[in-house]
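Chemist: If it helps, the file is called data24.txt and holds compact mmCIF, C-alpha atoms:
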# COMPACT_ATOMS: atom_id res chain seq x y z
CA MET A 1 8.31 -2.23 73.11
CA GLN A 2 11.29 -2.58 70.81
CA PHE A 3 13.93 -5.21 71.55
CA PRO A 4 15.64 -3.82 74.68
CA TYR A 5 19.05 -5.47 74.24
CA GLN A 6 22.08 -5.23 71.99
CA LEU A 7 24.12 -8.28 70.96
CA ALA A 8 27.35 -8.26 72.99
CA ALA A 9 28.83 -11.69 72.21
CA LYS A 10 28.11 -15.06 70.62
CA GLY A 11 29.98 -18.28 69.96
CA LYS A 12 33.03 -18.72 72.21
CA TYR A 13 33.83 -16.08 74.83
CA SER A 14 34.31 -15.49 78.57
CA LEU A 15 32.64 -13.40 81.27
CA LYS A 16 34.37 -12.04 84.38
CA ASN A 17 33.10 -10.53 87.60
CA VAL A 18 30.00 -12.74 87.50
CA ARG A 19 28.27 -12.94 90.88
CA LEU A 20 27.09 -16.45 91.80
CA GLU A 21 25.41 -17.79 94.91
CA THR A 22 27.69 -20.16 96.84
CA GLY A 23 25.71 -21.09 99.95
CA PHE A 24 23.45 -19.96 102.77
CA GLU A 25 24.43 -17.97 105.85
CA TYR A 26 23.01 -19.26 109.14
CA GLU A 27 22.14 -17.86 112.54
CA ASN A 28 20.96 -20.32 115.22
CA GLU A 29 20.67 -22.97 112.48
CA GLU A 30 18.27 -20.80 110.45
CA VAL A 31 19.06 -19.28 107.06
CA ASN A 32 19.41 -15.52 107.38
CA GLY A 33 21.38 -14.66 104.25
CA THR A 34 22.96 -15.91 101.04
CA LYS A 35 26.69 -16.09 100.32
CA THR A 36 27.99 -15.02 96.92
CA ASP A 37 31.33 -14.65 95.20
CA LEU A 38 32.68 -13.50 91.85
CA PHE A 39 33.57 -16.00 89.12
CA SER A 40 34.64 -16.24 85.49
CA ILE A 41 32.37 -18.14 83.10
CA GLU A 42 33.37 -19.62 79.75
CA ILE A 43 30.71 -19.96 77.04
CA GLU A 44 31.01 -22.15 73.96
CA GLY A 45 28.61 -23.88 71.59
CA GLY A 46 25.49 -22.64 73.37
CA LYS A 47 26.66 -24.22 76.64
CA ILE A 48 28.42 -23.15 79.81
CA LYS A 49 31.86 -24.65 79.21
CA GLU A 50 33.50 -23.85 82.53
CA VAL A 51 32.90 -22.06 85.83
CA LYS A 52 36.21 -20.99 87.37
CA ALA A 53 37.85 -18.58 89.77
CA ASN A 54 37.40 -14.96 88.83
CA ASP A 55 40.13 -13.30 86.81
CA PRO A 56 39.37 -9.57 86.93
CA ALA A 57 42.43 -8.75 84.81
CA SER A 58 41.40 -11.01 81.91
CA ASN A 59 40.26 -9.74 78.55
CA ALA A 60 36.71 -11.01 79.13
CA ILE A 61 33.33 -9.33 79.04
CA ASP A 62 32.79 -7.57 82.35
CA ALA A 63 29.58 -8.68 84.12
CA LYS A 64 30.13 -5.82 86.58
CA GLY A 65 29.31 -7.90 89.66
CA TYR A 66 25.72 -8.47 88.62
CA LEU A 67 24.04 -11.63 89.90
CA MET A 68 23.78 -14.46 87.37
CA LEU A 69 20.55 -16.46 87.46
CA PRO A 70 18.94 -18.98 85.09
CA ALA A 71 16.99 -17.20 82.34
CA PHE A 72 13.24 -17.24 82.92
CA ARG A 73 10.66 -19.49 81.27
CA ASP A 74 6.99 -18.59 80.78
CA MET A 75 5.02 -21.82 80.49
CA HIS A 76 1.58 -20.50 79.55
CA ILE A 77 1.09 -17.53 77.26
CA HIS A 78 -0.76 -16.57 74.06
CA LEU A 79 1.72 -14.74 71.86
CA ASP A 80 -0.72 -14.75 68.94
CA LYS A 81 -3.52 -12.77 70.55
CA THR A 82 -2.11 -9.84 72.45
CA LEU A 83 -3.31 -6.24 72.18
CA TYR A 84 0.13 -5.12 73.36
CA GLY A 85 1.41 -2.67 70.77
CA LEU A 86 -2.07 -1.35 69.99
CA PRO A 87 -3.88 1.57 71.68
CA TRP A 88 -4.98 0.90 75.27
CA GLN A 89 -8.20 -1.08 75.65
CA ALA A 90 -9.69 -2.38 78.91
CA LEU A 91 -12.15 -5.27 79.15
CA SER A 92 -15.72 -4.77 77.98
CA PRO A 93 -18.46 -5.49 80.54
CA LYS A 94 -20.61 -6.90 77.71
CA ARG A 95 -18.58 -10.11 77.33
CA ARG A 96 -18.96 -12.31 80.42
CA THR A 97 -18.64 -15.93 79.25
CA VAL A 98 -16.18 -17.94 77.19
CA LYS A 99 -18.83 -18.27 74.49
CA ASP A 100 -19.23 -14.48 74.47
CA MET A 101 -15.49 -14.23 73.88
CA ILE A 102 -15.59 -16.82 71.10
CA ALA A 103 -18.20 -14.76 69.27
CA TYR A 104 -16.10 -11.63 69.76
CA GLU A 105 -12.96 -13.33 68.48
CA GLN A 106 -14.80 -14.43 65.35
CA GLU A 107 -15.47 -10.75 64.67
CA ILE A 108 -12.02 -9.31 65.35
CA ILE A 109 -9.59 -12.04 64.24
CA PRO A 110 -9.54 -11.06 60.53
CA GLU A 111 -8.43 -7.54 61.40
CA LEU A 112 -6.00 -8.61 64.13
CA LEU A 113 -4.26 -11.06 61.81
CA LYS A 114 -3.05 -8.10 59.75
CA THR A 115 -0.71 -7.03 62.59
CA SER A 116 -0.24 -10.27 64.52
CA VAL A 117 3.43 -10.78 63.53
CA SER A 118 4.57 -7.38 64.77
CA ARG A 119 2.43 -7.57 67.92
CA ALA A 120 3.80 -11.00 68.80
CA GLU A 121 7.33 -9.63 68.36
CA GLN A 122 6.55 -6.69 70.64
CA LEU A 123 5.18 -9.00 73.32
CA ILE A 124 8.28 -11.19 73.03
CA SER A 125 10.43 -8.06 73.47
CA LEU A 126 8.45 -7.17 76.59
CA GLN A 127 9.11 -10.61 78.04
CA GLN A 128 12.78 -10.39 77.16
CA HIS A 129 12.92 -7.01 78.92
CA TYR A 130 12.03 -8.98 82.06
CA GLY A 131 14.49 -11.83 81.44
CA THR A 132 12.38 -14.49 79.70
CA HIS A 133 14.05 -16.46 76.91
CA PHE A 134 11.62 -19.40 76.56
CA VAL A 135 7.84 -19.81 76.46
CA ARG A 136 5.16 -22.39 75.94
CA THR A 137 2.70 -20.51 73.77
CA HIS A 138 -0.78 -21.53 72.73
CA PHE A 139 -2.01 -20.43 69.31
CA ASN A 140 -5.55 -20.35 68.00
CA ILE A 141 -6.83 -23.14 65.81
CA ASP A 142 -10.34 -22.18 64.71
CA PRO A 143 -12.37 -21.86 61.48
CA THR A 144 -11.98 -18.07 61.47
CA SER A 145 -8.18 -18.01 61.45
CA GLY A 146 -7.48 -21.51 60.10
CA LEU A 147 -3.72 -22.00 60.39
CA LYS A 148 -2.95 -18.28 59.94
CA SER A 149 -2.33 -17.66 63.65
CA LEU A 150 0.30 -20.40 63.60
CA GLU A 151 1.91 -19.13 60.40
CA HIS A 152 2.20 -15.59 61.76
CA LEU A 153 3.48 -16.80 65.12
CA GLU A 154 6.15 -18.89 63.44
CA GLN A 155 7.25 -15.85 61.44
CA ALA A 156 7.60 -13.79 64.63
CA LEU A 157 9.58 -16.57 66.30
CA GLU A 158 11.84 -16.94 63.27
CA ASN A 159 12.59 -13.22 63.49
CA LYS A 160 13.56 -13.72 67.17
CA LYS A 161 15.34 -17.06 66.90
CA ASP A 162 18.74 -15.89 68.17
CA SER A 163 17.33 -14.53 71.42
CA PHE A 164 14.14 -16.49 72.10
CA LYS A 165 12.68 -20.01 72.02
CA ALA A 166 9.17 -21.43 72.15
CA GLU A 167 7.25 -24.67 72.22
CA LEU A 168 3.83 -24.55 70.56
CA VAL A 169 0.38 -25.74 71.63
CA ALA A 170 -2.41 -26.10 69.05
CA PHE A 171 -5.33 -24.55 70.93
CA PRO A 172 -8.96 -24.99 69.76
CA GLN A 173 -10.08 -21.71 71.34
CA HIS A 174 -13.52 -21.96 69.76
CA GLY A 175 -14.07 -25.58 70.77
CA VAL A 176 -13.28 -28.78 68.90
CA TYR A 177 -16.89 -29.39 67.76
CA TYR A 178 -18.61 -26.13 68.76
CA THR A 179 -17.10 -24.52 65.65
CA GLU A 180 -16.04 -27.68 63.77
CA SER A 181 -12.32 -27.37 64.45
CA ALA A 182 -11.51 -31.10 64.62
CA SER A 183 -10.16 -31.31 61.06
CA LEU A 184 -7.95 -28.24 61.63
CA MET A 185 -6.62 -29.78 64.84
CA LYS A 186 -5.74 -32.95 62.95
CA GLU A 187 -3.91 -30.87 60.35
CA ALA A 188 -1.97 -28.95 63.01
CA ALA A 189 -1.08 -32.17 64.85
CA GLN A 190 0.87 -33.38 61.84
CA LEU A 191 3.24 -30.40 61.95
CA LYS A 192 6.69 -30.94 63.46
CA SER A 193 6.70 -27.46 65.00
CA VAL A 194 3.65 -28.26 67.14
CA GLY A 195 4.58 -29.98 70.39
CA PHE A 196 1.27 -30.13 72.27
CA ILE A 197 -2.42 -30.69 71.63
CA GLY A 198 -4.60 -28.19 73.46
CA GLY A 199 -8.20 -28.19 74.54
CA LEU A 200 -10.93 -26.03 76.10
CA ASP A 201 -13.66 -26.69 78.69
CA PRO A 202 -15.05 -29.86 77.04
CA LEU A 203 -18.44 -29.93 78.77
CA SER A 204 -19.45 -26.26 78.73
CA ILE A 205 -18.17 -25.59 75.19
CA ASP A 206 -18.52 -28.91 73.34
CA GLY A 207 -21.10 -30.65 75.51
CA SER A 208 -19.10 -33.79 76.29
CA ILE A 209 -16.07 -34.53 78.43
CA GLU A 210 -15.48 -38.03 77.07
CA LYS A 211 -15.84 -37.21 73.37
CA VAL A 212 -13.46 -34.23 73.48
CA MET A 213 -10.89 -35.78 75.82
CA ASP A 214 -10.83 -39.02 73.80
CA PHE A 215 -10.25 -37.01 70.62
CA THR A 216 -7.47 -34.98 72.28
CA VAL A 217 -5.74 -37.99 73.81
CA GLN A 218 -5.86 -40.03 70.61
CA LEU A 219 -4.55 -37.12 68.55
CA ALA A 220 -1.63 -36.73 70.95
CA LEU A 221 -0.87 -40.45 70.91
CA ASP A 222 -1.11 -40.74 67.12
CA HIS A 223 1.35 -37.89 66.55
CA HIS A 224 3.59 -38.30 69.63
CA LYS A 225 2.59 -34.95 71.13
CA GLY A 226 2.01 -33.73 74.65
CA ILE A 227 -1.34 -32.45 75.95
CA ASP A 228 -2.04 -29.05 77.54
CA ILE A 229 -5.73 -28.22 77.92
CA HIS A 230 -7.42 -25.07 79.24
CA LEU A 231 -9.90 -25.95 81.98
CA HIS A 232 -11.84 -23.07 83.50
CA GLU A 233 -14.77 -25.25 84.62
CA THR A 234 -15.17 -25.71 88.37
CA GLY A 235 -17.26 -28.13 90.41
CA GLU A 236 -18.17 -31.62 89.22
CA SER A 237 -17.41 -31.11 85.52
CA GLY A 238 -14.01 -29.61 86.22
CA MET A 239 -12.97 -32.41 88.55
CA LYS A 240 -14.38 -35.09 86.25
CA THR A 241 -12.28 -33.71 83.38
CA ILE A 242 -9.12 -33.66 85.51
CA ASN A 243 -9.69 -37.22 86.73
CA TYR A 244 -10.54 -38.44 83.22
CA LEU A 245 -7.25 -37.04 81.93
CA ILE A 246 -5.32 -38.59 84.82
CA ASP A 247 -6.90 -41.96 84.00
CA LYS A 248 -5.86 -41.61 80.36
CA ALA A 249 -2.28 -40.75 81.36
CA ILE A 250 -2.11 -43.78 83.66
CA GLU A 251 -3.45 -45.99 80.84
CA ASN A 252 -0.97 -44.51 78.33
CA PRO A 253 2.54 -44.15 79.81
CA ALA A 254 3.63 -42.21 76.68
CA LEU A 255 1.53 -39.30 77.98
CA GLN A 256 3.04 -39.24 81.47
CA GLY A 257 5.17 -36.18 82.08
CA LYS A 258 3.77 -34.65 78.87
CA THR A 259 0.19 -33.99 80.01
CA PHE A 260 -0.89 -30.73 81.64
CA VAL A 261 -4.07 -29.03 82.77
CA SER A 262 -3.83 -25.27 82.43
CA HIS A 263 -5.76 -23.15 84.93
CA ALA A 264 -7.59 -26.09 86.60
CA PHE A 265 -9.65 -23.63 88.63
CA ALA A 266 -11.66 -26.52 90.08
CA LEU A 267 -8.72 -27.31 92.35
CA ALA A 268 -9.15 -23.99 94.17
CA HIS A 269 -12.63 -24.99 95.36
CA LEU A 270 -11.71 -28.25 97.12
CA SER A 271 -11.41 -29.03 100.81
CA PRO A 272 -7.89 -29.63 102.15
CA LYS A 273 -8.48 -33.41 102.17
CA GLU A 274 -9.83 -33.38 98.60
CA THR A 275 -6.87 -31.28 97.49
CA GLU A 276 -4.42 -33.80 98.90
CA GLN A 277 -6.27 -36.68 97.24
CA ILE A 278 -6.24 -35.11 93.77
CA ALA A 279 -2.62 -33.96 94.21
CA GLU A 280 -1.66 -37.56 94.93
CA ARG A 281 -3.51 -38.72 91.80
CA LEU A 282 -1.93 -36.02 89.61
CA ALA A 283 1.51 -37.05 90.83
CA ALA A 284 0.76 -40.74 90.22
CA GLY A 285 -0.28 -40.04 86.62
CA LYS A 286 2.56 -37.53 86.14
CA VAL A 287 0.00 -34.94 85.05
CA GLY A 288 1.16 -31.36 85.61
CA ILE A 289 -0.68 -28.12 86.31
CA ALA A 290 0.08 -24.89 84.42
CA SER A 291 -1.12 -21.84 86.35
CA SER A 292 -1.12 -18.10 85.90
CA VAL A 293 -1.60 -17.83 89.70
CA PRO A 294 -5.05 -16.23 89.74
CA PHE A 295 -6.11 -14.70 93.04
CA LYS A 296 -9.65 -13.40 92.44
CA GLY A 297 -11.91 -15.04 95.01
CA LYS A 298 -10.05 -18.34 95.36
CA ILE A 299 -6.33 -19.12 95.55
CA MET A 300 -4.83 -22.11 93.76
CA PRO A 301 -3.40 -24.81 96.09
CA ILE A 302 0.11 -24.60 94.65
CA PRO A 303 1.91 -25.48 97.93
CA THR A 304 -0.08 -28.71 98.30
CA LEU A 305 0.51 -29.67 94.67
CA LYS A 306 4.24 -29.12 95.11
CA LYS A 307 4.24 -31.08 98.39
CA TYR A 308 2.97 -34.16 96.54
CA GLY A 309 5.43 -33.79 93.68
CA VAL A 310 3.06 -32.42 91.04
CA ASN A 311 4.87 -30.57 88.25
CA VAL A 312 3.57 -27.00 88.59
CA LEU A 313 4.38 -24.67 85.69
CA ILE A 314 3.79 -20.92 85.85
CA GLY A 315 3.00 -18.45 83.08
CA ASN A 316 1.61 -14.99 82.39
CA ASP A 317 -1.28 -16.29 80.26
CA ASN A 318 -2.82 -13.08 78.87
CA VAL A 319 -0.73 -9.92 78.72
CA GLN A 320 -3.01 -6.91 78.32
CA ASP A 321 -5.34 -8.44 75.75
CA TYR A 322 -9.09 -8.68 75.24
CA TRP A 323 -9.31 -11.58 77.72
CA SER A 324 -7.54 -9.76 80.54
CA THR A 325 -6.69 -6.13 81.24
CA PHE A 326 -3.75 -7.27 83.34
CA GLY A 327 -0.54 -9.22 82.80
CA SER A 328 2.93 -7.73 83.08
CA GLY A 329 4.96 -10.20 81.02
CA SER A 330 7.37 -10.60 83.96
CA MET A 331 8.10 -14.01 85.46
CA LEU A 332 9.84 -12.37 88.43
CA GLN A 333 6.55 -10.59 89.11
CA LYS A 334 4.80 -13.99 89.09
CA ALA A 335 7.34 -15.38 91.56
CA ASN A 336 6.88 -12.26 93.70
CA LEU A 337 3.10 -12.75 93.64
CA ILE A 338 3.47 -16.39 94.70
CA ALA A 339 5.73 -15.35 97.57
CA GLU A 340 3.17 -12.82 98.78
CA LEU A 341 0.13 -15.10 98.34
CA TYR A 342 1.62 -18.05 100.19
CA GLY A 343 3.71 -16.18 102.75
CA TYR A 344 7.17 -17.04 101.45
CA ALA A 345 8.87 -14.12 103.19
CA THR A 346 12.12 -15.49 104.67
CA GLU A 347 15.48 -15.56 102.90
CA TYR A 348 15.21 -19.32 102.44
CA ALA A 349 11.57 -19.32 101.24
CA LEU A 350 12.14 -16.44 98.82
CA SER A 351 15.20 -18.20 97.38
CA ARG A 352 13.06 -21.29 96.72
CA THR A 353 10.33 -19.20 95.06
CA LEU A 354 12.69 -18.30 92.21
CA GLN A 355 11.92 -21.79 90.83
CA PHE A 356 8.54 -20.55 89.59
CA ALA A 357 10.28 -18.10 87.24
CA THR A 358 13.02 -20.50 86.11
CA GLN A 359 10.79 -23.63 86.12
CA SER A 360 12.64 -25.52 88.86
CA ILE A 361 16.27 -24.49 88.18
CA LEU A 362 17.80 -22.99 91.34
CA PRO A 363 21.41 -21.93 92.01
CA LEU A 364 21.43 -23.60 95.47
CA ASP A 365 19.85 -26.88 96.52
CA GLU A 366 17.70 -27.28 99.64
CA LYS A 367 20.78 -27.48 101.88
CA GLY A 368 22.55 -24.52 100.28
CA LYS A 369 24.96 -26.48 98.10
CA GLN A 370 25.74 -24.82 94.78
CA GLN A 371 24.10 -26.82 91.97
CA TRP A 372 23.91 -24.26 89.15
CA PRO A 373 25.66 -23.31 86.95
CA LYS A 374 27.76 -26.33 85.98
CA ALA A 375 29.81 -27.18 82.91
CA GLY A 376 27.46 -28.49 80.25
CA ASP A 377 24.44 -26.48 81.38
CA GLU A 378 22.44 -24.59 78.76
CA ALA A 379 23.88 -21.10 78.26
CA ALA A 380 20.58 -19.38 79.10
CA ILE A 381 21.09 -16.82 81.86
CA VAL A 382 20.19 -13.37 83.07
CA LEU A 383 22.36 -10.83 84.86
CA THR A 384 20.34 -8.92 87.40
CA ASP A 385 20.98 -6.04 89.77
CA ALA A 386 20.44 -8.05 92.97
CA SER A 387 22.60 -9.48 95.74
CA CYS A 388 20.86 -12.89 95.75
CA SER A 389 17.82 -14.83 94.51
CA ALA A 390 15.72 -13.79 97.50
CA GLU A 391 16.27 -10.10 96.76
CA ALA A 392 15.60 -10.61 93.05
CA VAL A 393 12.19 -12.15 93.85
CA SER A 394 11.25 -9.70 96.59
CA ARG A 395 12.28 -6.55 94.72
CA MET A 396 11.69 -7.82 91.16
CA SER A 397 15.19 -6.63 90.37
CA GLU A 398 16.12 -5.08 87.04
CA ILE A 399 17.51 -7.37 84.36
CA LYS A 400 20.75 -6.06 82.88
CA ALA A 401 21.58 -8.80 80.35
CA LEU A 402 19.94 -11.85 78.78
CA MET A 403 21.60 -14.90 77.24
CA ASN A 404 19.93 -17.44 74.94
CA ASP A 405 21.83 -20.33 73.35
CA GLY A 406 25.07 -18.61 74.32
CA ASN A 407 24.08 -15.37 72.56
CA LEU A 408 24.61 -12.56 75.06
CA PHE A 409 22.44 -9.47 74.81
CA TRP A 410 23.20 -6.46 77.03
CA ARG A 411 20.57 -3.89 78.01
CA ASN A 412 20.67 -0.83 75.76
Take the structure in this file and express it as structure tokens.

Modeler:
Amino acid sequence: MQFPYQLAAKGKYSLKNVRLETGFEYENEEVNGTKTDLFSIEIEGGKIKEVKANDPASNAIDAKGYLMLPAFRDMHIHLDKTLYGLPWQALSPKRRTVKDMIAYEQEIIPELLKTSVSRAEQLISLQQHYGTHFVRTHFNIDPTSGLKSLEHLEQALENKKDSFKAELVAFPQHGVYYTESASLMKEAAQLKSVGFIGGLDPLSIDGSIEKVMDFTVQLALDHHKGIDIHLHETGESGMKTINYLIDKAIENPALQGKTFVSHAFALAHLSPKETEQIAERLAAGKVGIASSVPFKGKIMPIPTLKKYGVNVLIGNDNVQDYWSTFGSGSMLQKANLIAELYGYATEYALSRTLQFATQSILPLDEKGKQQWPKAGDEAAIVLTDASCSAEAVSRMSEIKALMNDGNLFWRN
């Protein structure tokens, strides 16, 4: 997909006829609707400068009554390894394990690197089509690609810098020691552009939880990075890895709030009591969970994690690549899936579910008081063809405009 928007404004300007949520409507003390009104919004210096009464006669950009929401954030994706932009290819039944996939990647990476800049840009455009302006993206660090995946990803992001942002995770997809990637990880950790140290199934791939986690934690501490590891392992090894990482975060306050376990499938196999116990521990260590909301066989206990105050981030993960045939690139679709999986069907529950697309930013607080947007907020918004947040989630409403750093792009 080519970039679906055209630059409409940047710098200092105003919008009129912007629809904002102002409160909930109630019937018998239960929320049964959402109130909205039209406003004018002033933008300056990449920030929302002022939210004021609508002036339909002003010489401002007309938002046409579309609903303004916070722009979406995808907190787990692999921009460097998509097949999007290439001819259709479903999964092969021959590759069943992570090690099978590692061997396959070693074969195909040299050829894929030839087009990885343009494919990353096309995947970014797809996400922007659905209102995403920010991602946390993992990039391969392995002996086959060296630092090439990072270099190509950075080029794609540079080409998109006015309309898109990213934070980067150095990801040892082929294991830290399984393919001797430790030295490459150390090299990547020194780079200012890299914000997180990644990891992969320490026991099943590298044969040791302690050795790999100690390496990862120390690398993060030495270079003042966060941690975001992939953990597909279930059962005892999965839970031991999660608890080991929680212990390290508790021992090292610098890691608290900056440490995440992506996938964490082991959590989906616990009893309700065990789930509450680990949720309490995760919250105590300020260790977050990044999930793509899988629903094959087991369902992740996202409601329980949220109940205990665990930071739950949501992402698309793979978007039509050789790891997964699926993946839409839409964060509204992820919020919609969460609503359906966990039964968030009322006006109030659907309005709260928007947080999984925006990563916790909601126009109305729990009691219906307007809390976004305010003067000083980041000028990162979408305009969508919906009457309220609940409708946007339920109907996955069309995005009409996207703003990043105050740069407004209108749908072509």

Chemist: Can you list, as an MDAnalysis selection string, every protein, DNA or RNA residue that comes within 9 Å of Asp377 (chain A) when you count only C-alpha atoms, leaving out same-chain residues fewer than 6 positions away?

Modeler: chainID A and resid 46:49

Chemist: Taking into account all atoms listed in the file, which residue in the set A:Arg395, A:Lys12, A:Lys64, A:Lys248 is nearest to Met213 (chain A)?

Modeler: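 Once distances to Met213 (chain A) are computed over all atoms listed in the file, the minimum belongs to A:Lys248.
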
Chemist: Can you tell me, as a PyMOL selection string, which residues sit within 12 Å of (36.4, -15.9, 80.4) in the file's frame, using only C-alpha atoms?

Modeler: chain A and resi 9+12-18+39-44+48-63

Chemist: Which polymer residues have any atom within 6 Å of an atom of region 199-203 of chain A, counting all atoms listed in the file, with same-chain residues fewer than 5 positions away left out, as a PDB file with C-alpha atoms, keeping the file's coordinate frame?

Modeler:
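And here's selection-v2.pdb as it stands now:
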ATOM      1  CA  PHE A 171      -5.330 -24.550  70.930  1.00  0.00           C
ATOM      2  CA  PRO A 172      -8.960 -24.990  69.760  1.00  0.00           C
ATOM      3  CA  SER A 208     -19.100 -33.790  76.290  1.00  0.00           C
ATOM      4  CA  ILE A 209     -16.070 -34.530  78.430  1.00  0.00           C
ATOM      5  CA  VAL A 212     -13.460 -34.230  73.480  1.00  0.00           C
ATOM      6  CA  ILE A 229      -5.730 -28.220  77.920  1.00  0.00           C
ATOM      7  CA  HIS A 230      -7.420 -25.070  79.240  1.00  0.00           C
ATOM      8  CA  LEU A 231      -9.900 -25.950  81.980  1.00  0.00           C
TER       9      LEU A 231
END

Chemist: Rounded to one decimal, what separation in Å do you get between CA of Arg119 (chain A) and CA of Lys10 (chain A)?

Modeler: 26.9 Å

Chemist: Give me the residues near Leu147 (chain A) as a PyMOL selection string, where near means some atom within 9 Å (using only C-alpha atoms) and where sequence neighbours in that chain fewer than 4 positions away do not count.

Modeler: chain A and resi 140-143+151-152+184+187-188

Chemist: Find the residues near Ala249 (chain A): any atom within 12 Å, counting all atoms listed in the file, skip ones fewer than 4 places away on the same chain, and give them as JSON, numbers by chain.

Modeler: {"A": [213, 214, 216, 217, 218, 220, 221, 226, 227, 242, 243, 244, 245, 253, 254, 255, 256, 257, 258, 259, 260, 261, 281, 282, 283, 284, 285, 286, 287, 288]}

Chemist: Mind pulling up the distance from CA of Leu332 (chain A) to CA of Leu364 (chain A)?

Modeler: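 Between CA of Leu364 (chain A) and CA of Leu332 (chain A) the gap works out to 17.6 Å.
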
Chemist: How far is it from CA of Val194 (chain A) to CA of His174 (chain A), in Å with one decimal?

Modeler: 18.5 Å

Chemist: Give me the residues near Glu276 (chain A) as a count of residues only, where near means some atom within 12 Å (using all atoms listed in the file) and where sequence neighbours in that chain fewer than 6 positions away do not count.

Modeler: 15

Chemist: For Glu27 (chain A), which of A:Pro373, A:Lys160, A:Glu347, A:Pro93 is the closest residue, counting only C-alpha atoms?

Modeler: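 Ranked by minimum distance to Glu27 (chain A), first place goes to A:Glu347.
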
Chemist: Check the smallest atom-to-atom distance from each of A:Lys211, A:His133, A:Lys367, A:Lys99 to Ala71 (chain A) using only C-alpha atoms, then report the winner.

Modeler: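 Answer, going by the shortest atom-to-atom distance: A:His133.
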
Chemist: Go through A:Thr346, A:Ser291, A:Asn159, A:Gln320 one by one, measure the shortest atom-to-atom distance of each to Asp74 (chain A) using only C-alpha atoms, and give the residue with the smallest value.

Modeler: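 Ranked by minimum distance to Asp74 (chain A), first place goes to A:Ser291.
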
Chemist: Please output region 270-282 of chain A, rebuilt to include N, CA and C atoms, as a PDB file, in the frame of the given file.

Modeler:
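What ended up in rebuild19.pdb:
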ATOM      1  N   LEU A 270     -11.667 -26.988  96.378  1.00  0.00           N
ATOM      2  CA  LEU A 270     -11.710 -28.250  97.120  1.00  0.00           C
ATOM      3  C   LEU A 270     -11.385 -28.044  98.595  1.00  0.00           C
ATOM      4  N   SER A 271     -11.810 -29.010  99.408  1.00  0.00           N
ATOM      5  CA  SER A 271     -11.410 -29.030 100.810  1.00  0.00           C
ATOM      6  C   SER A 271      -9.949 -29.443 100.895  1.00  0.00           C
ATOM      7  N   PRO A 272      -9.281 -29.193 102.025  1.00  0.00           N
ATOM      8  CA  PRO A 272      -7.890 -29.630 102.150  1.00  0.00           C
ATOM      9  C   PRO A 272      -7.699 -31.127 101.881  1.00  0.00           C
ATOM     10  N   LYS A 273      -8.598 -31.962 102.381  1.00  0.00           N
ATOM     11  CA  LYS A 273      -8.480 -33.410 102.170  1.00  0.00           C
ATOM     12  C   LYS A 273      -8.644 -33.753 100.694  1.00  0.00           C
ATOM     13  N   GLU A 274      -9.614 -33.133 100.035  1.00  0.00           N
ATOM     14  CA  GLU A 274      -9.830 -33.380  98.600  1.00  0.00           C
ATOM     15  C   GLU A 274      -8.631 -32.911  97.788  1.00  0.00           C
ATOM     16  N   THR A 275      -8.042 -31.799  98.191  1.00  0.00           N
ATOM     17  CA  THR A 275      -6.870 -31.280  97.490  1.00  0.00           C
ATOM     18  C   THR A 275      -5.712 -32.263  97.572  1.00  0.00           C
ATOM     19  N   GLU A 276      -5.500 -32.836  98.746  1.00  0.00           N
ATOM     20  CA  GLU A 276      -4.420 -33.800  98.900  1.00  0.00           C
ATOM     21  C   GLU A 276      -4.678 -35.053  98.081  1.00  0.00           C
ATOM     22  N   GLN A 277      -5.927 -35.478  98.008  1.00  0.00           N
ATOM     23  CA  GLN A 277      -6.270 -36.680  97.240  1.00  0.00           C
ATOM     24  C   GLN A 277      -6.014 -36.476  95.742  1.00  0.00           C
ATOM     25  N   ILE A 278      -6.428 -35.334  95.214  1.00  0.00           N
ATOM     26  CA  ILE A 278      -6.240 -35.110  93.770  1.00  0.00           C
ATOM     27  C   ILE A 278      -4.763 -34.829  93.477  1.00  0.00           C
ATOM     28  N   ALA A 279      -4.051 -34.192  94.407  1.00  0.00           N
ATOM     29  CA  ALA A 279      -2.620 -33.960  94.210  1.00  0.00           C
ATOM     30  C   ALA A 279      -1.881 -35.295  94.122  1.00  0.00           C
ATOM     31  N   GLU A 280      -2.270 -36.237  94.953  1.00  0.00           N
ATOM     32  CA  GLU A 280      -1.660 -37.560  94.930  1.00  0.00           C
ATOM     33  C   GLU A 280      -1.935 -38.264  93.605  1.00  0.00           C
ATOM     34  N   ARG A 281      -3.148 -38.109  93.086  1.00  0.00           N
ATOM     35  CA  ARG A 281      -3.510 -38.720  91.800  1.00  0.00           C
ATOM     36  C   ARG A 281      -2.755 -38.061  90.641  1.00  0.00           C
ATOM     37  N   LEU A 282      -2.672 -36.739  90.663  1.00  0.00           N
ATOM     38  CA  LEU A 282      -1.930 -36.020  89.610  1.00  0.00           C
ATOM     39  C   LEU A 282      -0.487 -36.477  89.576  1.00  0.00           C
TER      40      LEU A 282
END
